[in-house]
$ cat work_14.csv   # CSV, C-alpha atoms and all ligand atoms
chain,number,residue,atom,x,y,z
A,1,MET,CA,-5.8,18.4,14.9
A,2,TYR,CA,-2.6,20.4,14.4
A,3,LEU,CA,-1.0,20.2,17.8
A,4,ILE,CA,1.9,22.6,18.5
A,5,ASP,CA,4.3,23.2,21.4
A,6,TYR,CA,5.8,26.7,21.3
A,7,HIS,CA,7.7,26.8,24.5
A,8,THR,CA,10.4,24.2,25.0
A,9,HIS,CA,14.0,24.1,26.3
A,10,THR,CA,17.0,22.0,25.3
A,11,ARG,CA,20.3,21.6,27.0
A,12,LEU,CA,21.3,25.0,25.7
A,13,SER,CA,19.2,26.5,28.4
A,14,PRO,CA,21.0,26.8,31.8
A,15,ASP,CA,18.1,24.7,33.3
A,16,GLY,CA,17.7,22.4,30.2
A,17,HIS,CA,18.8,18.8,29.9
A,18,VAL,CA,18.7,17.2,26.5
A,19,PRO,CA,19.5,18.0,22.8
A,20,LEU,CA,16.9,19.3,20.5
A,21,ALA,CA,16.8,16.0,18.6
A,22,GLU,CA,15.5,14.3,21.8
A,23,MET,CA,12.8,17.0,22.3
A,24,ALA,CA,11.8,16.6,18.7
A,25,ARG,CA,11.5,12.8,18.9
A,26,ALA,CA,9.4,13.2,22.0
A,27,ALA,CA,7.2,15.7,20.1
A,28,GLU,CA,6.6,13.3,17.3
A,29,LYS,CA,5.8,10.6,19.8
A,30,ALA,CA,3.3,12.9,21.5
A,31,GLY,CA,1.6,13.4,18.2
A,32,LEU,CA,2.6,17.1,17.7
A,33,SER,CA,2.8,18.6,14.2
A,34,GLU,CA,5.0,21.5,15.1
A,35,LEU,CA,7.7,22.2,17.8
A,36,CYS,CA,9.4,25.5,18.5
A,37,VAL,CA,12.6,25.5,20.5
A,38,THR,CA,12.8,28.5,22.8
A,39,ASP,CA,16.0,28.2,24.8
A,40,HIS,CA,16.6,30.9,27.5
A,41,TYR,CA,18.5,34.0,27.4
A,42,ASP,CA,17.9,36.3,30.4
A,43,ARG,CA,19.5,39.7,30.3
A,44,ILE,CA,19.5,39.8,34.1
A,45,LEU,CA,21.4,37.1,36.0
A,46,GLU,CA,19.6,34.9,38.6
A,47,HIS,CA,20.7,37.1,41.4
A,48,GLY,CA,20.8,40.4,39.6
A,49,GLY,CA,23.3,42.2,37.4
A,50,PHE,CA,23.6,42.0,33.6
A,51,ALA,CA,24.4,38.6,32.0
A,52,PRO,CA,27.2,38.1,29.5
A,53,ASP,CA,26.3,38.8,25.9
A,54,TYR,CA,24.6,35.9,24.0
A,55,ASP,CA,26.4,33.7,21.5
A,56,TRP,CA,23.9,32.4,19.0
A,57,SER,CA,26.3,29.9,17.4
A,58,PRO,CA,25.5,26.8,19.5
A,59,ALA,CA,21.7,27.3,19.1
A,60,LEU,CA,22.0,27.9,15.4
A,61,GLU,CA,24.3,24.9,15.0
A,62,GLN,CA,21.9,22.7,17.0
A,63,PHE,CA,18.9,23.7,14.9
A,64,ARG,CA,20.7,23.4,11.5
A,65,THR,CA,22.0,19.9,12.3
A,66,THR,CA,18.7,18.7,13.8
A,67,ALA,CA,16.0,20.1,11.5
A,68,PRO,CA,16.7,18.0,8.4
A,69,ALA,CA,16.1,14.7,10.2
A,70,PHE,CA,12.5,15.7,11.0
A,71,GLU,CA,11.5,17.1,7.6
A,72,GLY,CA,8.1,15.9,6.5
A,73,LYS,CA,7.4,14.5,10.0
A,74,LEU,CA,7.5,17.4,12.4
A,75,GLN,CA,7.7,21.2,11.6
A,76,LEU,CA,10.6,22.6,13.6
A,77,ARG,CA,10.9,26.3,14.3
A,78,PHE,CA,13.7,28.3,15.8
A,79,GLY,CA,12.9,30.6,18.7
A,80,ILE,CA,14.1,32.0,21.9
A,81,GLU,CA,12.7,32.9,25.3
A,82,TYR,CA,14.2,36.3,26.0
A,83,GLY,CA,14.0,37.6,29.6
A,84,SER,CA,14.1,41.1,30.9
A,85,ALA,CA,14.0,43.2,27.7
A,86,PRO,CA,12.8,46.3,29.5
A,87,PHE,CA,16.0,46.6,31.5
A,88,ASP,CA,18.2,46.9,28.5
A,89,PRO,CA,16.1,47.4,25.4
A,90,ASP,CA,18.9,48.3,23.1
A,91,TYR,CA,20.6,45.0,23.7
A,92,ALA,CA,17.4,43.1,23.1
A,93,ARG,CA,16.9,44.9,19.8
A,94,ARG,CA,20.4,44.1,18.7
A,95,MET,CA,20.4,40.5,19.8
A,96,LEU,CA,17.0,39.7,18.4
A,97,ALA,CA,17.8,41.1,14.9
A,98,LEU,CA,19.1,37.6,14.0
A,99,PRO,CA,17.5,36.9,10.6
A,100,GLU,CA,17.1,33.1,11.2
A,101,LEU,CA,14.9,33.7,14.2
A,102,ASP,CA,11.3,32.6,13.8
A,103,PHE,CA,9.8,33.5,17.1
A,104,VAL,CA,10.5,35.3,20.4
A,105,ILE,CA,8.8,34.8,23.7
A,106,GLY,CA,9.2,38.0,25.8
A,107,SER,CA,9.4,36.9,29.4
A,108,LEU,CA,10.1,38.4,32.9
A,109,HIS,CA,11.7,36.0,35.4
A,110,ASN,CA,13.3,38.6,37.6
A,111,LEU,CA,12.6,41.6,39.8
A,112,SER,CA,13.5,44.9,38.2
A,113,PRO,CA,17.2,46.0,38.7
A,114,GLU,CA,15.9,48.8,40.9
A,115,LEU,CA,14.7,46.1,43.4
A,116,GLY,CA,17.8,43.9,43.0
A,117,GLY,CA,16.9,41.8,40.0
A,118,GLU,CA,16.5,38.5,41.9
A,119,ASP,CA,14.9,35.6,40.0
A,120,PHE,CA,11.3,35.0,41.2
A,121,PHE,CA,12.2,31.4,41.6
A,122,TYR,CA,14.4,32.2,44.6
A,123,PHE,CA,11.9,33.9,46.9
A,124,SER,CA,10.0,32.1,49.6
A,125,TYR,CA,6.5,33.3,49.2
A,126,ASP,CA,5.5,32.7,52.8
A,127,SER,CA,4.0,36.2,53.4
A,128,GLU,CA,1.3,38.0,51.5
A,129,GLU,CA,3.6,41.0,51.6
A,130,THR,CA,6.3,39.3,49.6
A,131,CYS,CA,3.8,38.1,47.0
A,132,ARG,CA,2.3,41.6,46.7
A,133,ARG,CA,5.8,43.2,46.4
A,134,VAL,CA,6.8,40.7,43.7
A,135,LEU,CA,3.6,41.0,41.7
A,136,ASP,CA,3.6,44.9,41.9
A,137,ASP,CA,7.1,44.9,40.4
A,138,TYR,CA,6.3,42.1,37.9
A,139,PHE,CA,3.3,43.8,36.4
A,140,ALA,CA,5.0,47.2,36.4
A,141,SER,CA,7.8,45.6,34.4
A,142,MET,CA,5.3,44.0,32.0
A,143,LEU,CA,3.8,47.4,31.4
A,144,ARG,CA,7.2,48.5,30.2
A,145,LEU,CA,7.7,45.3,28.1
A,146,VAL,CA,4.5,45.9,26.1
A,147,GLU,CA,5.9,49.3,25.1
A,148,LEU,CA,8.7,47.4,23.4
A,149,PRO,CA,6.8,45.3,20.8
A,150,GLU,CA,9.9,45.1,18.6
A,151,THR,CA,11.5,42.8,21.3
A,152,TYR,CA,8.9,40.0,21.3
A,153,ASP,CA,6.3,38.2,19.3
A,154,ILE,CA,4.4,36.6,22.2
A,155,LEU,CA,4.2,37.7,25.8
A,156,GLY,CA,5.5,34.8,27.9
A,157,HIS,CA,3.5,33.2,30.8
A,158,ILE,CA,1.7,36.3,32.1
A,159,ILE,CA,0.8,34.5,35.3
A,160,TYR,CA,4.4,33.2,35.8
A,161,PRO,CA,5.1,34.1,39.5
A,162,LEU,CA,1.9,32.5,40.6
A,163,ARG,CA,3.4,29.1,39.9
A,164,TYR,CA,5.6,29.6,43.0
A,165,MET,CA,3.0,31.2,45.2
A,166,PRO,CA,0.3,29.8,47.6
A,167,GLN,CA,-2.9,29.1,45.7
A,168,GLU,CA,-5.0,31.6,47.6
A,169,ILE,CA,-3.1,34.6,46.0
A,170,SER,CA,-5.7,36.4,43.9
A,171,LEU,CA,-4.9,38.7,40.9
A,172,ASP,CA,-7.6,41.1,41.9
A,173,PRO,CA,-5.3,44.0,42.7
A,174,TRP,CA,-3.6,43.7,39.3
A,175,TRP,CA,-6.5,43.2,36.8
A,176,ASP,CA,-6.3,46.9,35.7
A,177,SER,CA,-2.6,46.5,34.9
A,178,ILE,CA,-3.2,43.2,33.2
A,179,ASP,CA,-6.0,44.7,31.0
A,180,THR,CA,-3.7,47.5,30.0
A,181,VAL,CA,-1.0,45.0,29.1
A,182,LEU,CA,-3.4,42.9,27.0
A,183,ARG,CA,-4.8,46.0,25.3
A,184,ARG,CA,-1.3,47.1,24.3
A,185,VAL,CA,-0.5,43.6,23.1
A,186,VAL,CA,-3.5,43.8,20.8
A,187,GLU,CA,-2.8,47.4,19.6
A,188,THR,CA,0.8,46.6,18.7
A,189,GLY,CA,-0.1,43.4,16.8
A,190,ARG,CA,1.6,41.0,19.3
A,191,GLY,CA,0.1,38.0,21.1
A,192,ILE,CA,0.2,36.0,24.3
A,193,GLU,CA,0.8,32.4,25.2
A,194,LEU,CA,-1.1,29.8,27.2
A,195,ASN,CA,1.8,28.2,29.1
A,196,THR,CA,0.6,24.9,30.5
A,197,TYR,CA,3.6,24.6,32.8
A,198,CYS,CA,3.9,20.9,31.8
A,199,GLY,CA,0.2,20.4,32.1
A,200,LYS,CA,0.0,21.7,35.6
A,201,THR,CA,-1.6,25.1,34.8
A,202,VAL,CA,-4.4,25.2,32.2
A,203,ALA,CA,-7.7,26.2,34.0
A,204,PRO,CA,-6.2,29.2,35.8
A,205,TRP,CA,-5.6,30.8,32.3
A,206,ARG,CA,-9.4,31.2,31.7
A,207,PRO,CA,-9.8,34.8,33.1
A,208,ILE,CA,-6.7,36.0,31.1
A,209,LEU,CA,-8.0,34.4,27.9
A,210,GLU,CA,-11.5,35.8,28.4
A,211,ARG,CA,-10.2,39.3,28.9
A,212,TYR,CA,-7.8,39.1,26.0
A,213,ARG,CA,-10.6,37.9,23.7
A,214,ALA,CA,-12.9,40.7,24.9
A,215,LEU,CA,-10.1,43.2,24.0
A,216,GLY,CA,-9.9,41.8,20.5
A,217,GLY,CA,-6.9,39.4,21.1
A,218,GLU,CA,-6.5,36.7,18.5
A,219,LEU,CA,-2.8,35.8,18.3
A,220,ILE,CA,-2.0,33.0,20.8
A,221,THR,CA,0.5,30.2,21.1
A,222,VAL,CA,0.4,27.3,23.5
A,223,GLY,CA,3.5,25.8,25.1
A,224,SER,CA,4.4,23.3,27.7
A,225,ASP,CA,7.6,25.0,29.0
A,226,ALA,CA,9.1,21.4,29.0
A,227,HIS,CA,12.7,21.1,30.0
A,228,PHE,CA,12.6,17.3,29.7
A,229,PRO,CA,11.5,15.2,26.7
A,230,GLU,CA,8.8,13.3,28.6
A,231,ARG,CA,7.0,16.7,29.3
A,232,VAL,CA,6.8,17.9,25.7
A,233,GLY,CA,3.2,18.6,24.7
A,234,LEU,CA,1.8,18.1,28.2
A,235,GLY,CA,-1.5,19.9,28.6
A,236,ILE,CA,-1.7,21.0,25.0
A,237,PRO,CA,-4.9,19.2,24.1
A,238,THR,CA,-6.6,20.5,27.3
A,239,ALA,CA,-5.3,24.0,26.4
A,240,TYR,CA,-6.9,23.7,22.9
A,241,ASP,CA,-10.3,22.8,24.6
A,242,LEU,CA,-10.0,25.9,26.8
A,243,LEU,CA,-9.1,28.1,23.9
A,244,LYS,CA,-12.2,26.9,22.0
A,245,ASP,CA,-14.3,27.4,25.0
A,246,THR,CA,-13.1,31.0,25.4
A,247,GLY,CA,-13.9,31.9,21.8
A,248,PHE,CA,-10.6,31.3,20.0
A,249,ARG,CA,-10.7,29.6,16.6
A,250,TYR,CA,-7.0,29.5,15.9
A,251,VAL,CA,-3.7,28.8,17.5
A,252,THR,CA,-0.8,30.7,16.1
A,253,THR,CA,2.5,29.5,14.7
A,254,TYR,CA,5.4,31.7,13.5
A,255,HIS,CA,7.7,31.7,10.6
A,256,ARG,CA,10.3,34.5,10.7
A,257,HIS,CA,8.1,36.4,13.1
A,258,ASN,CA,5.1,36.2,10.7
A,259,PRO,CA,2.0,34.7,12.4
A,260,VAL,CA,0.5,31.7,10.7
A,261,PRO,CA,-2.9,30.6,12.1
A,262,LYS,CA,-3.8,27.0,12.5
A,263,PRO,CA,-7.5,26.0,13.1
A,264,LEU,CA,-8.2,24.6,16.6
B,1,ZN,ZN,10.0,31.4,31.3
B,2,ZN,ZN,10.5,28.7,29.6
$ encode --input "work_14.csv" --output "structure tokens" --more "lines below"
Ligand SMILES: [Zn+2]
Ligand SMILES: [Zn+2]
Amino acid sequence: MYLIDYHTHTRLSPDGHVPLAEMARAAEKAGLSELCVTDHYDRILEHGGFAPDYDWSPALEQFRTTAPAFEGKLQLRFGIEYGSAPFDPDYARRMLALPELDFVIGSLHNLSPELGGEDFFYFSYDSEETCRRVLDDYFASMLRLVELPETYDILGHIIYPLRYMPQEISLDPWWDSIDTVLRRVVETGRGIELNTYCGKTVAPWRPILERYRALGGELITVGSDAHFPERVGLGIPTAYDLLKDTGFRYVTTYHRHNPVPKPL
């Protein structure tokens, strides 16, 4: 089986820890065939306001010096997890025009600037009201993101804020928005990811996957969101089982933004 991990972070992410070589060695050890590095750039800072412009050089340098050592053993791809494209689309288009880039995850980690731009990570989700306010804003931003298909290949962790919320929070109020998001993803030739959150979140993806398939969705990546080498590949085999069970036949890899299907 051709196992991939298309969502991983190295020390070049503000919350990353180790160089790409260590993540790649871990991927080999975990039996993966392909690893895509997707370090973070968020256009909005953790507590709101625009981030400084991105300097690609350390990421390019890290990739160029690491990839040759893994040739023939592990396919490495060069990606990025880009956050908050809808809040400054021109910058996203400019930055993501880099020709060496294989793959872009389009993510939303922050409230919209209109609501202060705070990172979802920093809220305490102790009231239903807070959860509702965050999810209303989150899915409204996602509806803006899917109208900018030139800024991403794969829509990042659609159920992301749920990882910080109490388990009883239901997505019922947002299914209409999510269906619209998924429909636009399909219509614009983009895809989604199944983000296993280091193996902690696989089963909760089922309703998203079923709806996406029903709307004609085929392009899908899987990723662990690992920030440590020991978490690379976690949950990927279970994710493959769930994909097969929900009617997918392929997982998608990317080379210079071109989808390359791999049978499950
Ligand atoms: Zn993310
Ligand atoms: Zn991530």
$ closest_residue --input "work_14.csv" --among "A:Pro237, A:Gly191, A:Pro166, A:Gly16" --to "ligand ZN 1 (chain B)" --atoms "only C-alpha atoms and all ligand atoms"
A:Gly16
$ closest_atom_pairs --input "work_14.csv" --of "region 48-141 of chain A" --to "region 215-227 of chain A" --cutoff "12 Å" --atoms "all atoms listed in the file" --output "Markdown table"
| residue | atom | partner | partner_atom | distance |
| --- | --- | --- | --- | --- |
| A:Ile80 | CA | A:Asp225 | CA | 11.9 |
| A:Glu81 | CA | A:Asp225 | CA | 10.1 |
| A:Phe103 | CA | A:Thr221 | CA | 10.6 |
| A:Val104 | CA | A:Thr221 | CA | 11.2 |
| A:Ile105 | CA | A:Thr221 | CA | 9.8 |
$ residues_near_point --input "work_14.csv" --point "(2.8, 22.8, 29.7)" --cutoff "9 Å" --atoms "all atoms listed in the file" --output "ChimeraX atom specification"
/A:5,7,194-202,222-226,231-236,239
$ residues_near_ligand --input "work_14.csv" --ligand "ligand ZN 1 (chain B)" --cutoff "7 Å" --atoms "all atoms listed in the file" --output "VMD selection string"
chain A and resid 81 107 109 156 to 157
$ closest_residue --input "work_14.csv" --among "A:Tyr212, A:Tyr2, A:Tyr54, A:Phe228" --to "ligand ZN 2 (chain B)" --atoms "all atoms listed in the file"
A:Phe228
$ closest_residue --input "work_14.csv" --among "A:Glu61, A:Glu114, A:Glu147, A:Asp136" --to "Asp172 (chain A)" --atoms "only C-alpha atoms"
A:Asp136
$ closest_residue --input "work_14.csv" --among "A:Arg94, A:Ile44, A:Ala21, A:Glu193" --to "Ala67 (chain A)" --atoms "all atoms listed in the file"
A:Ala21
$ closest_residue --input "work_14.csv" --among "A:Val260, A:Leu155, A:Leu98, A:Leu76" --to "ligand ZN 2 (chain B)" --atoms "only C-alpha atoms and all ligand atoms"
A:Leu155
$ closest_residue --input "work_14.csv" --among "A:Pro149, A:Gly48, A:Gly79, A:Pro19" --to "ligand ZN 2 (chain B)" --atoms "all atoms listed in the file"
A:Gly79
$ atom_distance --input "work_14.csv" --atom1 "CA of Leu35 (chain A)" --atom2 "CA of Tyr6 (chain A)"
6.0 Å
$ atom_distance --input "work_14.csv" --atom1 "CA of Glu28 (chain A)" --atom2 "CA of Ala203 (chain A)"
25.5 Å
$ residues_around --input "work_14.csv" --residues "Ile4 (chain A)" --least-positions-apart "2" --cutoff "6 Å" --atoms "only C-alpha atoms" --output "list of chain:residue names"
A:Leu32, A:Ser33, A:Glu34, A:Leu35
$ residues_around --input "work_14.csv" --residues "Pro229 (chain A)" --least-positions-apart "6" --cutoff "7 Å" --atoms "all atoms listed in the file" --output "PyMOL selection string"
chain A and resi 22-23+26
$ residues_around --input "work_14.csv" --residues "Glu150 (chain A)" --least-positions-apart "4" --cutoff "12 Å" --atoms "all atoms listed in the file" --output "PyMOL selection string"
chain A and resi 85-86+89-97+103-106+145-146+154-155+185+188-190+257
$ atom_distance --input "work_14.csv" --atom1 "CA of Tyr138 (chain A)" --atom2 "CA of Arg213 (chain A)"
22.5 Å
